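Coordinates as given in structure35.pdb (PDB, C-alpha atoms, pLDDT in the B column):
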```pdb
MODEL        1
ATOM      1  CA  MET B   1       0.000   0.000   0.000  1.00 55.00           C
ATOM      2  CA  LYS B   2       2.843   2.379   0.880  1.00 53.00           C
ATOM      3  CA  LYS B   3       4.532   1.645  -2.425  1.00 54.00           C
ATOM      4  CA  TYR B   4       1.299   2.273  -4.344  1.00 50.00           C
ATOM      5  CA  PHE B   5       0.729   5.567  -2.513  1.00 46.00           C
ATOM      6  CA  SER B   6       4.297   6.678  -3.254  1.00 47.00           C
ATOM      7  CA  MET B   7       3.906   5.897  -6.948  1.00 46.00           C
ATOM      8  CA  VAL B   8       0.640   7.838  -7.137  1.00 43.00           C
ATOM      9  CA  LEU B   9       2.231  10.775  -5.319  1.00 42.00           C
ATOM     10  CA  ILE B  10       5.224  10.799  -7.680  1.00 48.00           C
ATOM     11  CA  ALA B  11       2.936  10.636 -10.715  1.00 45.00           C
ATOM     12  CA  LEU B  12       0.817  13.496  -9.399  1.00 46.00           C
ATOM     13  CA  CYS B  13       3.890  15.626  -8.716  1.00 47.00           C
ATOM     14  CA  SER B  14       5.164  14.915 -12.219  1.00 47.00           C
ATOM     15  CA  LEU B  15       1.881  16.025 -13.738  1.00 47.00           C
ATOM     16  CA  THR B  16       1.828  19.283 -11.807  1.00 46.00           C
ATOM     17  CA  ALA B  17       5.422  19.991 -12.782  1.00 48.00           C
ATOM     18  CA  CYS B  18       4.688  19.558 -16.486  1.00 51.00           C
ATOM     19  CA  VAL B  19       4.644  22.894 -18.184  1.00 53.00           C
ATOM     20  CA  ASN B  20       3.798  23.553 -21.768  1.00 83.00           C
ATOM     21  CA  GLU B  21       5.568  26.793 -22.681  1.00 89.00           C
ATOM     22  CA  GLN B  22       5.080  27.937 -26.226  1.00 94.00           C
ATOM     23  CA  LEU B  23       5.438  31.009 -28.381  1.00 96.00           C
ATOM     24  CA  ILE B  24       2.142  32.639 -29.285  1.00 95.00           C
ATOM     25  CA  SER B  25       1.048  35.755 -31.125  1.00 95.00           C
ATOM     26  CA  TYR B  26       0.206  38.905 -29.194  1.00 96.00           C
ATOM     27  CA  ASP B  27      -3.401  38.536 -30.397  1.00 95.00           C
ATOM     28  CA  GLN B  28      -3.781  35.435 -28.193  1.00 95.00           C
ATOM     29  CA  VAL B  29      -3.110  37.385 -24.982  1.00 96.00           C
ATOM     30  CA  PRO B  30      -6.245  38.095 -22.865  1.00 96.00           C
ATOM     31  CA  GLU B  31      -7.926  41.428 -23.633  1.00 97.00           C
ATOM     32  CA  ALA B  32      -7.320  42.777 -20.109  1.00 97.00           C
ATOM     33  CA  ALA B  33      -3.576  42.162 -20.529  1.00 97.00           C
ATOM     34  CA  LYS B  34      -3.529  43.788 -23.974  1.00 97.00           C
ATOM     35  CA  ALA B  35      -5.214  46.881 -22.504  1.00 97.00           C
ATOM     36  CA  ILE B  36      -2.439  47.199 -19.886  1.00 97.00           C
ATOM     37  CA  VAL B  37       0.290  46.718 -22.466  1.00 97.00           C
ATOM     38  CA  ALA B  38      -1.214  49.224 -24.889  1.00 96.00           C
ATOM     39  CA  ALA B  39      -1.726  51.840 -22.167  1.00 97.00           C
ATOM     40  CA  HIS B  40       1.824  51.741 -20.781  1.00 96.00           C
ATOM     41  CA  PHE B  41       4.161  50.300 -23.419  1.00 96.00           C
ATOM     42  CA  ASP B  42       4.914  50.532 -27.125  1.00 96.00           C
ATOM     43  CA  THR B  43       3.363  47.409 -28.650  1.00 95.00           C
ATOM     44  CA  SER B  44       5.595  47.764 -31.723  1.00 96.00           C
ATOM     45  CA  GLN B  45       8.543  46.947 -29.435  1.00 97.00           C
ATOM     46  CA  ILE B  46       7.235  43.505 -28.387  1.00 97.00           C
ATOM     47  CA  ALA B  47       9.942  40.937 -29.103  1.00 97.00           C
ATOM     48  CA  TYR B  48       7.837  37.843 -28.391  1.00 97.00           C
ATOM     49  CA  VAL B  49       5.031  36.423 -26.270  1.00 98.00           C
ATOM     50  CA  THR B  50       4.892  33.051 -24.546  1.00 97.00           C
ATOM     51  CA  VAL B  51       2.215  31.178 -22.682  1.00 97.00           C
ATOM     52  CA  ASP B  52       3.016  28.746 -19.873  1.00 94.00           C
ATOM     53  CA  LYS B  53       0.221  26.225 -19.426  1.00 90.00           C
ATOM     54  CA  GLY B  54       0.350  23.785 -16.581  1.00 86.00           C
ATOM     55  CA  LEU B  55      -2.175  21.631 -14.844  1.00 82.00           C
ATOM     56  CA  PHE B  56      -3.110  24.334 -12.338  1.00 84.00           C
ATOM     57  CA  HIS B  57      -1.947  27.564 -13.940  1.00 86.00           C
ATOM     58  CA  CYS B  58      -1.734  29.582 -17.117  1.00 93.00           C
ATOM     59  CA  GLU B  59       0.700  32.468 -17.432  1.00 96.00           C
ATOM     60  CA  TYR B  60       1.379  34.869 -20.295  1.00 97.00           C
ATOM     61  CA  ASP B  61       4.788  36.513 -20.639  1.00 97.00           C
ATOM     62  CA  VAL B  62       5.273  39.530 -22.908  1.00 98.00           C
ATOM     63  CA  LYS B  63       8.921  40.374 -23.645  1.00 98.00           C
ATOM     64  CA  PHE B  64      10.064  43.656 -25.173  1.00 97.00           C
ATOM     65  CA  ASN B  65      13.132  44.465 -27.254  1.00 97.00           C
ATOM     66  CA  ASP B  66      14.648  46.494 -24.403  1.00 95.00           C
ATOM     67  CA  GLY B  67      14.499  43.486 -22.050  1.00 94.00           C
ATOM     68  CA  CYS B  68      11.434  44.601 -20.119  1.00 96.00           C
ATOM     69  CA  SER B  69       8.926  41.833 -19.435  1.00 97.00           C
ATOM     70  CA  LEU B  70       5.358  41.589 -18.190  1.00 98.00           C
ATOM     71  CA  GLU B  71       3.622  38.537 -16.759  1.00 97.00           C
ATOM     72  CA  PHE B  72      -0.131  38.041 -16.657  1.00 96.00           C
ATOM     73  CA  ASN B  73      -2.343  35.312 -15.244  1.00 94.00           C
ATOM     74  CA  LYS B  74      -5.095  33.526 -17.181  1.00 94.00           C
ATOM     75  CA  ALA B  75      -7.556  36.374 -16.502  1.00 94.00           C
ATOM     76  CA  GLY B  76      -5.102  38.939 -17.895  1.00 95.00           C
ATOM     77  CA  GLU B  77      -4.232  40.406 -14.492  1.00 95.00           C
ATOM     78  CA  LEU B  78      -0.716  41.769 -14.196  1.00 95.00           C
ATOM     79  CA  THR B  79       1.392  39.662 -11.801  1.00 95.00           C
ATOM     80  CA  LYS B  80       4.888  40.943 -12.598  1.00 97.00           C
ATOM     81  CA  VAL B  81       6.619  43.854 -14.315  1.00 97.00           C
ATOM     82  CA  ASP B  82      10.391  43.669 -14.730  1.00 97.00           C
ATOM     83  CA  CYS B  83      11.948  46.677 -16.426  1.00 96.00           C
ATOM     84  CA  ARG B  84      15.486  45.570 -15.601  1.00 93.00           C
ATOM     85  CA  GLN B  85      17.225  48.868 -14.745  1.00 90.00           C
ATOM     86  CA  ALA B  86      14.508  51.169 -16.086  1.00 95.00           C
ATOM     87  CA  GLU B  87      11.651  52.548 -13.999  1.00 96.00           C
ATOM     88  CA  VAL B  88       8.342  50.682 -13.943  1.00 97.00           C
ATOM     89  CA  PRO B  89       5.577  53.012 -15.203  1.00 96.00           C
ATOM     90  CA  SER B  90       4.176  54.658 -12.069  1.00 95.00           C
ATOM     91  CA  ALA B  91       0.562  53.960 -13.059  1.00 96.00           C
ATOM     92  CA  LEU B  92       1.269  50.236 -12.623  1.00 96.00           C
ATOM     93  CA  ILE B  93       2.370  50.711  -9.001  1.00 95.00           C
ATOM     94  CA  PRO B  94      -0.358  51.107  -6.355  1.00 94.00           C
ATOM     95  CA  GLU B  95      -0.467  54.569  -4.761  1.00 96.00           C
ATOM     96  CA  PRO B  96       0.507  53.447  -1.211  1.00 96.00           C
ATOM     97  CA  VAL B  97       3.638  51.758  -2.563  1.00 96.00           C
ATOM     98  CA  ARG B  98       4.612  54.763  -4.690  1.00 96.00           C
ATOM     99  CA  VAL B  99       4.202  57.059  -1.684  1.00 97.00           C
ATOM    100  CA  TYR B 100       6.199  54.730   0.577  1.00 97.00           C
ATOM    101  CA  VAL B 101       9.100  54.520  -1.877  1.00 97.00           C
ATOM    102  CA  LYS B 102       9.140  58.283  -2.581  1.00 97.00           C
ATOM    103  CA  THR B 103       9.049  59.092   1.142  1.00 97.00           C
ATOM    104  CA  ASN B 104      11.602  56.555   2.358  1.00 97.00           C
ATOM    105  CA  PHE B 105      13.858  56.207  -0.701  1.00 97.00           C
ATOM    106  CA  PRO B 106      13.661  59.596  -2.488  1.00 96.00           C
ATOM    107  CA  ASN B 107      16.624  58.861  -4.787  1.00 96.00           C
ATOM    108  CA  ALA B 108      15.420  55.404  -5.839  1.00 96.00           C
ATOM    109  CA  PHE B 109      12.785  54.046  -8.186  1.00 97.00           C
ATOM    110  CA  ILE B 110      11.047  50.701  -8.725  1.00 98.00           C
ATOM    111  CA  THR B 111      12.514  48.482 -11.439  1.00 97.00           C
ATOM    112  CA  GLU B 112      10.424  45.381 -10.685  1.00 97.00           C
ATOM    113  CA  TRP B 113       6.964  44.909  -9.226  1.00 96.00           C
ATOM    114  CA  SER B 114       5.591  41.412  -8.632  1.00 95.00           C
ATOM    115  CA  LYS B 115       3.091  39.352  -6.717  1.00 89.00           C
ATOM    116  CA  ASP B 116       4.355  36.366  -4.741  1.00 78.00           C
ATOM    117  CA  ASP B 117       1.466  34.399  -3.239  1.00 75.00           C
ATOM    118  CA  ARG B 118      -0.457  37.045  -1.283  1.00 81.00           C
ATOM    119  CA  ARG B 119       2.458  39.430  -0.897  1.00 91.00           C
ATOM    120  CA  TRP B 120       3.919  41.991  -3.219  1.00 95.00           C
ATOM    121  CA  LYS B 121       7.561  42.799  -3.911  1.00 95.00           C
ATOM    122  CA  ALA B 122       9.049  46.026  -5.183  1.00 96.00           C
ATOM    123  CA  GLU B 123      12.670  45.879  -6.287  1.00 97.00           C
ATOM    124  CA  LEU B 124      14.454  49.213  -6.321  1.00 97.00           C
ATOM    125  CA  ASN B 125      17.267  50.296  -8.636  1.00 96.00           C
ATOM    126  CA  SER B 126      19.483  50.277  -5.530  1.00 94.00           C
ATOM    127  CA  GLY B 127      19.011  46.510  -5.272  1.00 93.00           C
ATOM    128  CA  LEU B 128      16.745  46.544  -2.215  1.00 95.00           C
ATOM    129  CA  ASP B 129      13.648  44.355  -2.215  1.00 95.00           C
ATOM    130  CA  LEU B 130      10.676  45.800  -0.358  1.00 97.00           C
ATOM    131  CA  LYS B 131       7.905  43.438   0.750  1.00 96.00           C
ATOM    132  CA  PHE B 132       4.269  44.541   1.069  1.00 97.00           C
ATOM    133  CA  ASN B 133       1.154  42.691   2.188  1.00 95.00           C
ATOM    134  CA  SER B 134      -2.010  42.295   0.096  1.00 92.00           C
ATOM    135  CA  LYS B 135      -3.193  45.740   1.276  1.00 94.00           C
ATOM    136  CA  TYR B 136       0.102  47.286   0.099  1.00 94.00           C
ATOM    137  CA  GLU B 137       1.301  47.928   3.641  1.00 95.00           C
ATOM    138  CA  PHE B 138       5.072  47.775   4.072  1.00 96.00           C
ATOM    139  CA  LEU B 139       6.324  44.607   5.804  1.00 96.00           C
ATOM    140  CA  ARG B 140      10.106  44.483   5.542  1.00 95.00           C
ATOM    141  CA  ILE B 141      13.245  44.971   3.465  1.00 94.00           C
ATOM    142  CA  ASP B 142      15.078  42.034   1.908  1.00 85.00           C
ATOM    143  CA  ASP B 143      18.495  42.972   0.553  1.00 66.00           C
TER     144      ASP B 143
ENDMDL
END
```

How would this structure read if it were set down as structure tokens?
Amino acid sequence: MKKYFSMVLIALCSLTACVNEQLISYDQVPEAAKAIVAAHFDTSQIAYVTVDKGLFHCEYDVKFNDGCSLEFNKAGELTKVDCRQAEVPSALIPEPVRVYVKTNFPNAFITEWSKDDRRWKAELNSGLDLKFNSKYEFLRIDD
């Protein structure tokens, strides 16, 4: 029985780890995601788009020629913006986070904004990682 349970568990883990990443056209991205891209980025600068489909998730990744990337979930909600060393468009950062960064780090700006489970992370150009809860309240600094 133990052996059978272990085999089933291994098979289940293997299935959840399977990911089907493939190149897609920008037209296949959810409408909500396309609206965000069009409002804040130059769509003519899109290098490529991929979709990651797994058993329990679906994620769209839009990469730009300058290295910036955006990640969206199945519903087209933004889950990550990585502008490398450039500043993330301020309209994509919630107001409480923008105010916190401006007040406490006046010479820095956000280069990456992402959701990790129920928490949010803002990476600054100085290399500091700021953690926020789901209500965008500051939690701690990870450096």

With distances taken over all atoms listed in the file, the candidate from B:Thr50, B:Ser114, B:Ser90, B:Asn133 nearest Leu78 of chain B is B:Ser114

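Remark: for Gly67 of chain B, the closest of the candidate residues B:Lys121, B:Thr111, B:Tyr100, B:Glu31 is B:Thr111 (distances computed over all atoms listed in the file).
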
Using only C-alpha atoms, which residues sit within 10 Å of segment 37-42 of chain B once same-chain residues fewer than 6 positions away are excluded, as a VMD selection string? chain B and resid 31 62 64 68 70 78 88 to 92

Store the residues of this selection in a file with C-alpha atoms, as a PDB file, in the frame of the given file.
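What landed in selection.pdb:
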```pdb
ATOM      1  CA  GLU B  31      -7.926  41.428 -23.633  1.00 97.00           C
ATOM      2  CA  VAL B  62       5.273  39.530 -22.908  1.00 98.00           C
ATOM      3  CA  PHE B  64      10.064  43.656 -25.173  1.00 97.00           C
ATOM      4  CA  CYS B  68      11.434  44.601 -20.119  1.00 96.00           C
ATOM      5  CA  LEU B  70       5.358  41.589 -18.190  1.00 98.00           C
ATOM      6  CA  LEU B  78      -0.716  41.769 -14.196  1.00 95.00           C
ATOM      7  CA  VAL B  88       8.342  50.682 -13.943  1.00 97.00           C
ATOM      8  CA  PRO B  89       5.577  53.012 -15.203  1.00 96.00           C
ATOM      9  CA  SER B  90       4.176  54.658 -12.069  1.00 95.00           C
ATOM     10  CA  ALA B  91       0.562  53.960 -13.059  1.00 96.00           C
ATOM     11  CA  LEU B  92       1.269  50.236 -12.623  1.00 96.00           C
TER      12      LEU B  92
END
```

For a test of reading the model, state the distance in Å between atom CA of Asp66 of chain B and atom CA of Leu124 of chain B, rounded to one decimal. 18.3 Å

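Interatomic distance, atom CA of Glu137 of chain B against atom CA of Glu71 of chain B: 22.6 Å.
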
Nearest-residue call for Gly127 of chain B, choices B:Ser69, B:Tyr48, B:Pro94, B:Ile141, using all atoms listed in the file: B:Ile141

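The spacing separating atom CA of Phe138 of chain B from atom CA of Val97 of chain B amounts to 7.9 Å.
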
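Minimum atom-to-atom distances from B:Arg140, B:Thr79, B:Ile93, B:Ala86 to Asp117 of chain B were compared using only C-alpha atoms, and the lowest value belongs to B:Thr79.
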
The PyMOL selection byres ((chain B and resi 22-28) around 8) applied to the shown file, residues as a PyMOL selection string: chain B and resi 20-21+29-30+48-52
